[in-house]
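K.L.:
For reference, the structure I am asking about is given below.
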Amino acid sequence: MGDTEVTMKSKKTVFVTVGTTRFDALVKAVDTREVKEELSRRGYTEILIQMGRGSYIPSKSDGGDDSIAVDYFTFSSSIADYLRAASLVISHAGSGSIFETLRLGKPLIVVVNEDLMDNHQSELAEELADRKHLYYARPNTLQHIIADMKVESLIPYHPGDATPVAKLINRFLGFSED
Amino acid sequence: MACNFTITVVIISVMLILFRLLYVFYQSGKPLKTRGSAGLASPLSTLIILGSGGHTAEMLNLLSVLQKDRFSPRFYVAAATDNMSLQKAQLLEETEDKMETSRSQFMQIYRSREVGQSYITSVLTTLIAMVHALWLMLRIRPQVILCNGPGTCVPLCVIAFLFKVVGIRWSSVFYVESIARVQRLSLSGLLLHKLRIADQFFVQWPQLQKKYPRAHYVGCLM
């Protein structure tokens, strides 16, 4: 019993999510020896990858011999439980997973997909990185970002709300504003 | 003589259409007159266009703070390829008053453009989407349209504008640019803003409001 408790406590999971499409470059980057070693060095014990429709299959590992454990799945109807259980989240730049992660107060590295035709996604990640809410990386800089990150220095994100929009809409339509 | 007559008719028709267009442009973006005191104002039929993924999440955040009795009945439209959005909207509706929500309807529409689709094939798919959108809009004829991109909303909003010009229905179009747009508007946003199809245009970052002064800066929805 005592033993399992100790191992439970020391378990630190990195959750990697690519969202509803595919992002092989990210899965590949996470699966490199350099990134896995860096994560292990930073105290993480396990990597769980949501790989979506990607064709690159990461190498599974149960994490013997001090190496980091790696597991993966394609999709889940809700990633909320995985985010909650994670100590670090490495995500694609979709606003859905970015804000879901920030709301849970989890340290987040957003990796931008440079292969998308309309690459506006980097705007949001860059802005939130400028405001110190998350770290911003590309697949080939991921290792350095993990090595240099100071998770404690990230600023918690306070969720916004839609009441200003609702007020303006109500006013426009001639409804009272309360 | 007959030739002169035809020319005159054509010129008069063109003038009339131009005047009507000018009137619609002039009147768009102007608030509706106060419609009775609070509580007495009649509810407005509302078309809610769900854009998938993050777009849908933002829209549902907005809906959660809007008074449901003012925006009724509600028609939800999502892309045919998007299974999640209508489910999520249904979930939100089910938490509300049962009597009220029984009037809400959920529909699917062909998408004008998928993420990553080339601009050339987009022309054809947009055409198909337009025809389907026209059919939906004739059925719904909403008084209020709430949308926040991506492409799904463009055909519906363009038709809403044409309905204004023709006089079928005057709908107020509200567009909230996605939180993901920090520096530049999305293609849908740019179109609806530049063509003045959106009566009110909201942005979530101050940088965008500086570039597009007619937009309203409302802070982050997420």
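Note on naming: chains are A, B, ... as they come in the structure tokens, residues start from 1 per chain, ligands start from 1 in the order shown.
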Distance limit 8 Å, atoms considered: only C-alpha atoms. Which chain B residues sit that close to chain A? Return them as a list in words.
P.N.:
Lys30, Pro31, Leu32, Lys33, Thr34, Arg35, Ser37, Ala38, Ala41, Gly53, Gly54, Ala57, Asn61, Leu62, Val65, Leu66, Gly116, Phe174, Ile179, Ala180, Arg181, Val182, Gln183, Phe202, Val218, Gly219, Cys220, Leu221 and Met222 of chain B
K.L.:
Would you mind writing down, as a list in words, each residue of region 77-195 of chain B that DSSP on the backbone assigns to strand (DSSP E or B)?
P.N.:
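DSSP-assigned strand (DSSP E or B) residues in region 77-195 of chain B: Val77, Ala78, Ala79, Gln105, Phe106, Met107, Gln108, Ile109, Val144, Ile145, Leu146, Cys147, Ser172, Val173, Phe174, Tyr175 and Val176 of chain B.
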K.L.:
Write a file of the just-selected residues containing all heavy atoms, as a short mmCIF file (atom, residue, chain, number, x, y, z; two decimals), in the first residue's frame.
P.N.:
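In the end it all went to part.cif:
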```cif
data_model
loop_
_atom_site.label_atom_id
_atom_site.label_comp_id
_atom_site.auth_asym_id
_atom_site.auth_seq_id
_atom_site.Cartn_x
_atom_site.Cartn_y
_atom_site.Cartn_z
N VAL B 77 -27.80 26.00 -36.42
CA VAL B 77 -27.30 25.42 -37.66
C VAL B 77 -25.82 25.11 -37.49
O VAL B 77 -25.06 25.95 -36.97
CB VAL B 77 -27.51 26.38 -38.85
CG1 VAL B 77 -26.75 25.90 -40.06
CG2 VAL B 77 -28.98 26.50 -39.18
N ALA B 78 -25.41 23.91 -37.92
CA ALA B 78 -23.99 23.55 -37.90
C ALA B 78 -23.64 22.84 -39.20
O ALA B 78 -24.53 22.36 -39.91
CB ALA B 78 -23.68 22.63 -36.71
N ALA B 79 -22.37 22.80 -39.51
CA ALA B 79 -21.91 22.13 -40.73
C ALA B 79 -22.27 20.65 -40.69
O ALA B 79 -22.25 20.03 -39.62
CB ALA B 79 -20.42 22.31 -40.89
N GLN B 105 -34.85 24.43 -32.69
CA GLN B 105 -34.63 23.45 -33.76
C GLN B 105 -33.15 23.34 -34.10
O GLN B 105 -32.41 24.32 -33.96
CB GLN B 105 -35.41 23.87 -35.02
CG GLN B 105 -36.91 23.67 -34.87
CD GLN B 105 -37.61 23.89 -36.20
OE1 GLN B 105 -37.10 23.52 -37.25
NE2 GLN B 105 -38.78 24.51 -36.14
N PHE B 106 -32.77 22.16 -34.57
CA PHE B 106 -31.36 21.90 -34.88
C PHE B 106 -31.24 21.42 -36.32
O PHE B 106 -31.93 20.50 -36.72
CB PHE B 106 -30.80 20.85 -33.92
CG PHE B 106 -30.94 21.25 -32.48
CD1 PHE B 106 -32.11 20.98 -31.78
CD2 PHE B 106 -29.92 21.92 -31.83
CE1 PHE B 106 -32.25 21.37 -30.45
CE2 PHE B 106 -30.05 22.31 -30.51
CZ PHE B 106 -31.22 22.03 -29.82
N MET B 107 -30.38 22.07 -37.08
CA MET B 107 -30.25 21.71 -38.50
C MET B 107 -28.79 21.67 -38.94
O MET B 107 -27.93 22.32 -38.36
CB MET B 107 -30.95 22.74 -39.38
CG MET B 107 -32.38 22.96 -39.02
SD MET B 107 -32.96 24.44 -39.80
CE MET B 107 -34.12 24.95 -38.57
N GLN B 108 -28.57 20.94 -40.04
CA GLN B 108 -27.22 20.87 -40.59
C GLN B 108 -27.16 21.55 -41.95
O GLN B 108 -28.15 21.61 -42.66
CB GLN B 108 -26.80 19.41 -40.72
CG GLN B 108 -26.62 18.74 -39.37
CD GLN B 108 -25.97 17.40 -39.48
OE1 GLN B 108 -26.38 16.58 -40.29
NE2 GLN B 108 -24.96 17.16 -38.65
N ILE B 109 -25.99 22.06 -42.28
CA ILE B 109 -25.83 22.74 -43.56
C ILE B 109 -24.52 22.30 -44.21
O ILE B 109 -23.55 21.97 -43.51
CB ILE B 109 -25.85 24.28 -43.37
CG1 ILE B 109 -25.91 24.98 -44.71
CG2 ILE B 109 -24.65 24.75 -42.56
CD1 ILE B 109 -26.16 26.46 -44.61
N VAL B 144 -32.89 37.65 -35.84
CA VAL B 144 -31.54 37.86 -35.30
C VAL B 144 -30.64 36.72 -35.80
O VAL B 144 -31.07 35.57 -35.83
CB VAL B 144 -31.55 37.86 -33.75
CG1 VAL B 144 -30.14 37.94 -33.20
CG2 VAL B 144 -32.40 39.01 -33.23
N ILE B 145 -29.41 37.06 -36.20
CA ILE B 145 -28.44 36.03 -36.56
C ILE B 145 -27.21 36.21 -35.69
O ILE B 145 -26.64 37.30 -35.63
CB ILE B 145 -28.06 36.12 -38.05
CG1 ILE B 145 -29.29 35.86 -38.94
CG2 ILE B 145 -26.96 35.09 -38.39
CD1 ILE B 145 -29.01 35.93 -40.42
N LEU B 146 -26.83 35.16 -35.00
CA LEU B 146 -25.61 35.18 -34.19
C LEU B 146 -24.60 34.26 -34.84
O LEU B 146 -24.88 33.09 -35.08
CB LEU B 146 -25.89 34.68 -32.77
CG LEU B 146 -26.97 35.41 -31.96
CD1 LEU B 146 -27.15 34.73 -30.61
CD2 LEU B 146 -26.58 36.87 -31.75
N CYS B 147 -23.42 34.79 -35.16
CA CYS B 147 -22.42 33.92 -35.77
C CYS B 147 -21.01 34.37 -35.38
O CYS B 147 -20.80 35.51 -34.96
CB CYS B 147 -22.58 33.87 -37.28
SG CYS B 147 -22.55 35.48 -38.07
N SER B 172 -31.09 41.31 -37.91
CA SER B 172 -29.90 41.93 -37.35
C SER B 172 -28.81 40.88 -37.23
O SER B 172 -29.01 39.85 -36.59
CB SER B 172 -30.20 42.51 -35.97
OG SER B 172 -31.28 43.41 -36.06
N VAL B 173 -27.68 41.15 -37.87
CA VAL B 173 -26.59 40.16 -37.91
C VAL B 173 -25.49 40.57 -36.92
O VAL B 173 -24.95 41.67 -37.01
CB VAL B 173 -26.00 40.04 -39.32
CG1 VAL B 173 -24.83 39.06 -39.34
CG2 VAL B 173 -27.08 39.61 -40.31
N PHE B 174 -25.18 39.68 -35.99
CA PHE B 174 -24.10 39.92 -35.04
C PHE B 174 -22.98 38.93 -35.30
O PHE B 174 -23.21 37.73 -35.33
CB PHE B 174 -24.60 39.76 -33.60
CG PHE B 174 -25.70 40.72 -33.25
CD1 PHE B 174 -27.03 40.32 -33.31
CD2 PHE B 174 -25.41 42.03 -32.88
CE1 PHE B 174 -28.05 41.20 -33.01
CE2 PHE B 174 -26.42 42.92 -32.58
CZ PHE B 174 -27.75 42.51 -32.64
N TYR B 175 -21.78 39.46 -35.47
CA TYR B 175 -20.64 38.59 -35.73
C TYR B 175 -19.58 38.81 -34.64
O TYR B 175 -19.17 39.95 -34.39
CB TYR B 175 -20.04 38.90 -37.11
CG TYR B 175 -18.92 37.96 -37.49
CD1 TYR B 175 -19.18 36.80 -38.24
CD2 TYR B 175 -17.61 38.20 -37.11
CE1 TYR B 175 -18.16 35.94 -38.58
CE2 TYR B 175 -16.58 37.34 -37.44
CZ TYR B 175 -16.86 36.22 -38.18
OH TYR B 175 -15.85 35.35 -38.51
N VAL B 176 -19.18 37.74 -34.00
CA VAL B 176 -18.10 37.83 -33.00
C VAL B 176 -16.87 37.17 -33.62
O VAL B 176 -16.85 35.96 -33.84
CB VAL B 176 -18.47 37.09 -31.70
CG1 VAL B 176 -17.43 37.39 -30.62
CG2 VAL B 176 -19.86 37.45 -31.23
#
```
K.L.:
Rounded to one decimal place, report the CA of Arg196 (chain B)-CA of Ala215 (chain B) distance in Å.
P.N.:
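Interatomic distance here is 11.0 Å.
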K.L.:
Quick one: distance from CA of Arg139 (chain B) to CA of Lys164 (chain B) in Å, one decimal?
P.N.:
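Separation of CA of Arg139 (chain B) and CA of Lys164 (chain B): 15.4 Å.
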K.L.:
Name the residues in contact with Ser87 (chain A) at a cut-off of 10 Å, using only C-alpha atoms, excluding same-chain residues fewer than 5 positions from it; report them as a list of chain:residue names.
P.N.:
A:Lys11, A:Lys12, A:Thr13, A:Val14, A:Phe15, A:Tyr44, A:Glu46, A:Tyr82, A:Gly105, A:Lys106, A:Pro107, A:Leu108
K.L.:
In region 138-206 of chain B, what's helix (DSSP H, G or I) per DSSP? Answer as a list in words?
P.N.:
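DSSP-assigned helix (DSSP H, G or I) residues in region 138-206 of chain B: Leu138, Arg139, Ile140, Cys153, Val154, Pro155, Leu156, Cys157, Val158, Ile159, Ala160, Phe161, Leu162, Phe163, Lys164, Val165, Val166, Leu187, Ser188, Gly189, Leu190, Leu191, Leu192, His193, Lys194 and Pro206 of chain B.
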K.L.:
Set the distance at 9 Å and use only C-alpha atoms: which residues neighbour Arg20 (chain B) once local chain neighbours fewer than 4 positions away are removed? I'd like the list as a list of chain:residue names.
P.N.:
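Near Arg20 (chain B), the qualifying residues are B:Met15, B:Leu16, B:Val24, B:Phe25, B:Val165, B:Val166.
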